[in-house]
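The next block is protein_28.cif, given as mmCIF, C-alpha atoms.
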```cif
data_coords
#
loop_
_atom_site.group_PDB
_atom_site.id
_atom_site.type_symbol
_atom_site.label_atom_id
_atom_site.label_comp_id
_atom_site.auth_asym_id
_atom_site.auth_seq_id
_atom_site.Cartn_x
_atom_site.Cartn_y
_atom_site.Cartn_z
ATOM 1 C CA MET F 1 87.721 169.973 94.486
ATOM 2 C CA SER F 2 88.531 167.042 92.217
ATOM 3 C CA PHE F 3 90.001 167.474 88.756
ATOM 4 C CA GLN F 4 86.695 166.333 87.267
ATOM 5 C CA ALA F 5 84.826 168.862 89.416
ATOM 6 C CA TYR F 6 86.948 171.649 87.905
ATOM 7 C CA LEU F 7 85.960 170.519 84.408
ATOM 8 C CA ASP F 8 82.304 170.263 85.428
ATOM 9 C CA ALA F 9 82.403 173.788 86.878
ATOM 10 C CA VAL F 10 83.847 175.145 83.621
ATOM 11 C CA GLU F 11 81.062 173.408 81.709
ATOM 12 C CA THR F 12 78.434 174.906 84.015
ATOM 13 C CA LYS F 13 79.928 178.380 83.576
ATOM 14 C CA THR F 14 80.431 178.263 79.800
ATOM 15 C CA GLY F 15 77.782 175.825 78.602
ATOM 16 C CA LEU F 16 80.547 174.004 76.713
ATOM 17 C CA THR F 17 81.785 170.514 77.467
ATOM 18 C CA PRO F 18 85.509 170.008 77.880
ATOM 19 C CA ARG F 19 85.561 168.222 74.512
ATOM 20 C CA GLN F 20 83.935 171.253 72.855
ATOM 21 C CA LEU F 21 86.521 173.553 74.440
ATOM 22 C CA ILE F 22 89.292 171.261 73.209
ATOM 23 C CA ALA F 23 87.875 171.517 69.674
ATOM 24 C CA LEU F 24 87.750 175.324 69.920
ATOM 25 C CA ALA F 25 91.318 175.347 71.259
ATOM 26 C CA THR F 26 92.446 173.189 68.338
ATOM 27 C CA GLU F 27 90.880 175.689 65.915
ATOM 28 C CA ARG F 28 93.022 178.382 67.574
ATOM 29 C CA GLY F 29 96.156 176.285 67.177
ATOM 30 C CA PHE F 30 96.394 175.076 70.786
ATOM 31 C CA GLY F 31 97.194 171.437 71.443
ATOM 32 C CA PRO F 32 99.958 169.209 72.763
ATOM 33 C CA GLY F 33 103.043 171.284 73.443
ATOM 34 C CA ALA F 34 101.143 174.577 73.685
ATOM 35 C CA LYS F 35 102.126 176.926 76.502
ATOM 36 C CA ALA F 36 99.615 177.513 79.283
ATOM 37 C CA ALA F 37 99.732 181.336 79.284
ATOM 38 C CA PRO F 38 98.111 181.946 75.881
ATOM 39 C CA ILE F 39 95.466 179.298 76.541
ATOM 40 C CA LEU F 40 94.673 180.849 79.926
ATOM 41 C CA ALA F 41 94.468 184.304 78.341
ATOM 42 C CA TRP F 42 92.004 183.022 75.716
ATOM 43 C CA LEU F 43 89.863 181.242 78.330
ATOM 44 C CA ALA F 44 89.797 184.332 80.554
ATOM 45 C CA GLU F 45 89.022 186.752 77.736
ATOM 46 C CA ASP F 46 86.381 184.713 75.925
ATOM 47 C CA TYR F 47 84.793 182.793 78.806
ATOM 48 C CA GLY F 48 85.748 184.512 82.067
ATOM 49 C CA ILE F 49 87.525 181.395 83.323
ATOM 50 C CA GLY F 50 90.041 181.972 86.107
ATOM 51 C CA ARG F 51 93.487 180.472 86.390
ATOM 52 C CA GLY F 52 92.638 177.459 88.583
ATOM 53 C CA HIS F 53 89.782 176.233 86.435
ATOM 54 C CA GLY F 54 91.691 177.258 83.336
ATOM 55 C CA MET F 55 94.620 175.035 84.254
ATOM 56 C CA ALA F 56 92.289 172.022 84.288
ATOM 57 C CA ILE F 57 91.282 172.879 80.720
ATOM 58 C CA VAL F 58 94.921 173.502 79.780
ATOM 59 C CA HIS F 59 95.717 169.987 80.973
ATOM 60 C CA VAL F 60 93.101 168.297 78.783
ATOM 61 C CA ILE F 61 94.055 170.472 75.791
ATOM 62 C CA THR F 62 97.765 169.755 76.064
ATOM 63 C CA LYS F 63 97.870 166.305 77.692
ATOM 64 C CA GLY F 64 94.498 164.668 77.111
ATOM 65 C CA PRO F 65 92.109 163.108 79.637
ATOM 66 C CA GLN F 66 94.627 160.976 81.573
ATOM 67 C CA ILE F 67 95.599 162.221 85.033
ATOM 68 C CA SER F 68 97.963 160.891 87.659
ATOM 69 C CA ALA F 69 96.574 158.055 89.748
ATOM 70 C CA LYS F 70 97.910 159.877 92.838
ATOM 71 C CA HIS F 71 94.504 161.273 93.825
ATOM 72 C CA VAL F 72 92.280 158.502 92.472
ATOM 73 C CA ALA F 73 90.059 157.179 95.258
ATOM 74 C CA SER F 74 92.332 158.829 97.833
ATOM 75 C CA GLY F 75 89.388 159.994 99.908
ATOM 76 C CA GLY F 76 90.748 163.528 100.049
ATOM 77 C CA THR F 77 89.091 166.690 98.788
ATOM 78 C CA HIS F 78 90.962 166.376 95.490
ATOM 79 C CA SER F 79 90.048 162.717 95.012
ATOM 80 C CA ASP F 80 88.882 161.625 91.568
ATOM 81 C CA ALA F 81 87.006 158.414 90.835
ATOM 82 C CA SER F 82 89.189 157.517 87.856
ATOM 83 C CA ASP F 83 92.503 158.382 86.210
ATOM 84 C CA THR F 84 90.585 159.236 83.033
ATOM 85 C CA LEU F 85 88.558 162.442 82.948
ATOM 86 C CA TRP F 86 85.096 162.543 81.353
ATOM 87 C CA LEU F 87 85.172 165.134 78.561
ATOM 88 C CA ASP F 88 81.708 164.720 77.035
ATOM 89 C CA GLY F 89 79.709 166.660 79.590
ATOM 90 C CA GLN F 90 77.991 166.135 82.892
ATOM 91 C CA ALA F 91 74.690 165.036 81.323
ATOM 92 C CA THR F 92 76.306 162.025 79.628
ATOM 93 C CA ASP F 93 78.716 160.996 82.395
ATOM 94 C CA PRO F 94 78.012 157.303 83.061
ATOM 95 C CA THR F 95 79.308 157.564 86.633
ATOM 96 C CA ARG F 96 76.503 159.936 87.600
ATOM 97 C CA VAL F 97 73.284 158.474 88.837
#
```

Please render this file's structure as structure tokens.
Amino acid sequence: MSFQAYLDAVETKTGLTPRQLIALATERGFGPGAKAAPILAWLAEDYGIGRGHGMAIVHVITKGPQISAKHVASGGTHSDASDTLWLDGQATDPTRV
């Protein structure tokens, strides 16, 4: 599963785009430098998000949409199309046809 696919799955489960979850996290005081454990606890308690999917959200909350180019277009199961994640929701993703 690609990094973007994790974010898309969280959106499908919660009805919230990654950007909306980032805004909610900011309201709770989470942002760059925040520890993963309290963010994961919040995501699990409020949205039923497990650790794997939660860590994808933790990344965008604490580090933003940039990811390592290591898996970009690698052809593997974790391959992403870009090193920048789309945070505004599946319906507005310009890479989807």

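Taking atom CA of Ala34 of chain F as the reference point, atom CA of Gln90 of chain F is found at 26.3 Å.
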
Could you list as a tab-separated table (two decimals) with C-alpha atoms, keeping the file's coordinate frame every residue that has an atom within 7 Å of (93.2, 160.9, 90.2), using the file's coordinates and counting only C-alpha atoms?
```tsv
chain	number	residue	atom	x	y	z
F	67	ILE	CA	95.60	162.22	85.03
F	68	SER	CA	97.96	160.89	87.66
F	69	ALA	CA	96.57	158.06	89.75
F	70	LYS	CA	97.91	159.88	92.84
F	71	HIS	CA	94.50	161.27	93.82
F	72	VAL	CA	92.28	158.50	92.47
F	79	SER	CA	90.05	162.72	95.01
F	80	ASP	CA	88.88	161.62	91.57
F	81	ALA	CA	87.01	158.41	90.84
F	82	SER	CA	89.19	157.52	87.86
F	83	ASP	CA	92.50	158.38	86.21
```

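Atom CA of Gly64 of chain F is found 17.6 Å from atom CA of Ala37 of chain F.
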
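Residues within 12 Å of Arg28 of chain F, counting only C-alpha atoms and excluding same-chain residues fewer than 2 positions away, are Leu21, Ile22, Ala23, Leu24, Ala25, Thr26, Phe30, Gly31, Ala34, Pro38, Ile39, Trp42, Leu43 and Ile61 of chain F.
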
Output C-alpha atoms for every residue in that selection, as an mmCIF file, in the coordinates of the input.
```cif
data_model
loop_
_atom_site.group_PDB
_atom_site.id
_atom_site.type_symbol
_atom_site.label_atom_id
_atom_site.label_comp_id
_atom_site.auth_asym_id
_atom_site.auth_seq_id
_atom_site.Cartn_x
_atom_site.Cartn_y
_atom_site.Cartn_z
ATOM 1 C CA LEU F 21 86.521 173.553 74.440
ATOM 2 C CA ILE F 22 89.292 171.261 73.209
ATOM 3 C CA ALA F 23 87.875 171.517 69.674
ATOM 4 C CA LEU F 24 87.750 175.324 69.920
ATOM 5 C CA ALA F 25 91.318 175.347 71.259
ATOM 6 C CA THR F 26 92.446 173.189 68.338
ATOM 7 C CA PHE F 30 96.394 175.076 70.786
ATOM 8 C CA GLY F 31 97.194 171.437 71.443
ATOM 9 C CA ALA F 34 101.143 174.577 73.685
ATOM 10 C CA PRO F 38 98.111 181.946 75.881
ATOM 11 C CA ILE F 39 95.466 179.298 76.541
ATOM 12 C CA TRP F 42 92.004 183.022 75.716
ATOM 13 C CA LEU F 43 89.863 181.242 78.330
ATOM 14 C CA ILE F 61 94.055 170.472 75.791
#
```

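Excluding segment 7-16 of chain F and any residue on its chain fewer than 5 positions from it, the residues at most 9 Å away by only C-alpha atoms are F:Ser2, F:Leu21, F:Tyr47, F:Gly48, F:Ile49, F:His53, F:Gly54, F:Ala56, F:Ile57, F:Leu85, F:Trp86, F:Leu87, F:Gly89, F:Gln90.
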
task = Choose the residue, out of F:Thr77, F:Arg96, F:Phe3, F:Leu40, that has the smallest atom-to-atom separation from Val58 of chain F; count only C-alpha atoms.
result = F:Leu40

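Between atom CA of Glu27 of chain F and atom CA of Gln4 of chain F lies a distance of 23.7 Å.
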
From F:Gly75, F:Gly33, F:Tyr6, F:Met1, residue lying nearest Met55 of chain F [only C-alpha atoms] = F:Tyr6

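With only C-alpha atoms as the atoms that count, the minimum distance from Pro65 of chain F to the choices F:Pro94, F:Ala36, F:Glu45, F:Thr84 is reached by F:Thr84.
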
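Considering the residues F:Lys35, F:Asp46, F:Thr17, F:Arg51 and counting only C-alpha atoms, Asp93 of chain F has its shortest atom-to-atom contact with F:Thr17.
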
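Residue nearest Gly52 of chain F, chosen from F:Pro32, F:Ala5, F:Asp88, F:Ala73 and counting all atoms listed in the file: F:Ala5.
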
Work out where the centre of an axis-aligned box around every listed atom of segment 66-83 of chain F lies and how long its edges are once 4 Å is added on each side; give both in Å to one decimal as lines of an AutoDock Vina configuration file.
```
center_x = 92.5
center_y = 161.9
center_z = 90.8
size_x = 19.0
size_y = 17.5
size_z = 26.5
```

Assuming the input is short of atoms at segment 44-64 of chain F, produce N, CA, C and O atoms for that part as a PDB file, in the frame of the given file.
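Produced file out-v9.pdb, reproduced below:
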```
ATOM      1  N   ALA F  44      90.217 183.206  79.720  1.00  0.00           N
ATOM      2  CA  ALA F  44      89.797 184.332  80.554  1.00  0.00           C
ATOM      3  C   ALA F  44      89.059 185.375  79.726  1.00  0.00           C
ATOM      4  O   ALA F  44      87.997 185.867  80.131  1.00  0.00           O
ATOM      5  N   GLU F  45      89.607 185.709  78.577  1.00  0.00           N
ATOM      6  CA  GLU F  45      89.022 186.752  77.736  1.00  0.00           C
ATOM      7  C   GLU F  45      87.674 186.337  77.146  1.00  0.00           C
ATOM      8  O   GLU F  45      86.710 187.091  77.189  1.00  0.00           O
ATOM      9  N   ASP F  46      87.600 185.144  76.615  1.00  0.00           N
ATOM     10  CA  ASP F  46      86.381 184.713  75.925  1.00  0.00           C
ATOM     11  C   ASP F  46      85.324 184.118  76.842  1.00  0.00           C
ATOM     12  O   ASP F  46      84.137 184.173  76.525  1.00  0.00           O
ATOM     13  N   TYR F  47      85.746 183.526  77.972  1.00  0.00           N
ATOM     14  CA  TYR F  47      84.793 182.793  78.806  1.00  0.00           C
ATOM     15  C   TYR F  47      84.799 183.193  80.277  1.00  0.00           C
ATOM     16  O   TYR F  47      84.018 182.650  81.055  1.00  0.00           O
ATOM     17  N   GLY F  48      85.695 184.088  80.672  1.00  0.00           N
ATOM     18  CA  GLY F  48      85.748 184.512  82.067  1.00  0.00           C
ATOM     19  C   GLY F  48      86.221 183.425  83.021  1.00  0.00           C
ATOM     20  O   GLY F  48      85.879 183.424  84.190  1.00  0.00           O
ATOM     21  N   ILE F  49      87.027 182.505  82.512  1.00  0.00           N
ATOM     22  CA  ILE F  49      87.525 181.395  83.323  1.00  0.00           C
ATOM     23  C   ILE F  49      88.813 181.822  84.015  1.00  0.00           C
ATOM     24  O   ILE F  49      89.740 182.316  83.379  1.00  0.00           O
ATOM     25  N   GLY F  50      88.863 181.624  85.326  1.00  0.00           N
ATOM     26  CA  GLY F  50      90.041 181.972  86.107  1.00  0.00           C
ATOM     27  C   GLY F  50      91.167 180.966  85.953  1.00  0.00           C
ATOM     28  O   GLY F  50      91.017 179.913  85.333  1.00  0.00           O
ATOM     29  N   ARG F  51      92.283 181.280  86.553  1.00  0.00           N
ATOM     30  CA  ARG F  51      93.487 180.472  86.390  1.00  0.00           C
ATOM     31  C   ARG F  51      93.323 179.026  86.866  1.00  0.00           C
ATOM     32  O   ARG F  51      93.730 178.093  86.177  1.00  0.00           O
ATOM     33  N   GLY F  52      92.767 178.819  88.045  1.00  0.00           N
ATOM     34  CA  GLY F  52      92.638 177.459  88.583  1.00  0.00           C
ATOM     35  C   GLY F  52      91.816 176.554  87.683  1.00  0.00           C
ATOM     36  O   GLY F  52      92.250 175.459  87.311  1.00  0.00           O
ATOM     37  N   HIS F  53      90.638 177.017  87.321  1.00  0.00           N
ATOM     38  CA  HIS F  53      89.782 176.233  86.435  1.00  0.00           C
ATOM     39  C   HIS F  53      90.394 176.155  85.039  1.00  0.00           C
ATOM     40  O   HIS F  53      90.304 175.133  84.359  1.00  0.00           O
ATOM     41  N   GLY F  54      91.041 177.237  84.640  1.00  0.00           N
ATOM     42  CA  GLY F  54      91.691 177.258  83.336  1.00  0.00           C
ATOM     43  C   GLY F  54      92.801 176.231  83.224  1.00  0.00           C
ATOM     44  O   GLY F  54      92.979 175.610  82.173  1.00  0.00           O
ATOM     45  N   MET F  55      93.537 176.016  84.298  1.00  0.00           N
ATOM     46  CA  MET F  55      94.620 175.035  84.254  1.00  0.00           C
ATOM     47  C   MET F  55      94.082 173.615  84.054  1.00  0.00           C
ATOM     48  O   MET F  55      94.749 172.787  83.431  1.00  0.00           O
ATOM     49  N   ALA F  56      92.893 173.336  84.544  1.00  0.00           N
ATOM     50  CA  ALA F  56      92.289 172.022  84.288  1.00  0.00           C
ATOM     51  C   ALA F  56      92.014 171.866  82.791  1.00  0.00           C
ATOM     52  O   ALA F  56      92.264 170.804  82.214  1.00  0.00           O
ATOM     53  N   ILE F  57      91.534 172.923  82.165  1.00  0.00           N
ATOM     54  CA  ILE F  57      91.282 172.879  80.720  1.00  0.00           C
ATOM     55  C   ILE F  57      92.608 172.813  79.959  1.00  0.00           C
ATOM     56  O   ILE F  57      92.732 172.072  78.979  1.00  0.00           O
ATOM     57  N   VAL F  58      93.602 173.570  80.407  1.00  0.00           N
ATOM     58  CA  VAL F  58      94.921 173.502  79.780  1.00  0.00           C
ATOM     59  C   VAL F  58      95.423 172.056  79.784  1.00  0.00           C
ATOM     60  O   VAL F  58      95.937 171.568  78.778  1.00  0.00           O
ATOM     61  N   HIS F  59      95.247 171.370  80.887  1.00  0.00           N
ATOM     62  CA  HIS F  59      95.717 169.987  80.973  1.00  0.00           C
ATOM     63  C   HIS F  59      95.069 169.124  79.896  1.00  0.00           C
ATOM     64  O   HIS F  59      95.767 168.395  79.185  1.00  0.00           O
ATOM     65  N   VAL F  60      93.750 169.180  79.762  1.00  0.00           N
ATOM     66  CA  VAL F  60      93.101 168.297  78.783  1.00  0.00           C
ATOM     67  C   VAL F  60      93.405 168.726  77.346  1.00  0.00           C
ATOM     68  O   VAL F  60      93.408 167.889  76.445  1.00  0.00           O
ATOM     69  N   ILE F  61      93.678 170.009  77.135  1.00  0.00           N
ATOM     70  CA  ILE F  61      94.055 170.472  75.791  1.00  0.00           C
ATOM     71  C   ILE F  61      95.450 169.974  75.433  1.00  0.00           C
ATOM     72  O   ILE F  61      95.688 169.508  74.322  1.00  0.00           O
ATOM     73  N   THR F  62      96.367 170.062  76.369  1.00  0.00           N
ATOM     74  CA  THR F  62      97.765 169.755  76.064  1.00  0.00           C
ATOM     75  C   THR F  62      98.179 168.313  76.365  1.00  0.00           C
ATOM     76  O   THR F  62      99.130 167.820  75.775  1.00  0.00           O
ATOM     77  N   LYS F  63      97.447 167.644  77.274  1.00  0.00           N
ATOM     78  CA  LYS F  63      97.870 166.305  77.692  1.00  0.00           C
ATOM     79  C   LYS F  63      96.798 165.236  77.551  1.00  0.00           C
ATOM     80  O   LYS F  63      97.068 164.059  77.783  1.00  0.00           O
ATOM     81  N   GLY F  64      95.569 165.643  77.247  1.00  0.00           N
ATOM     82  CA  GLY F  64      94.498 164.668  77.111  1.00  0.00           C
ATOM     83  C   GLY F  64      93.817 164.376  78.442  1.00  0.00           C
ATOM     84  O   GLY F  64      94.075 165.026  79.446  1.00  0.00           O
TER      85      GLY F  64
END
```
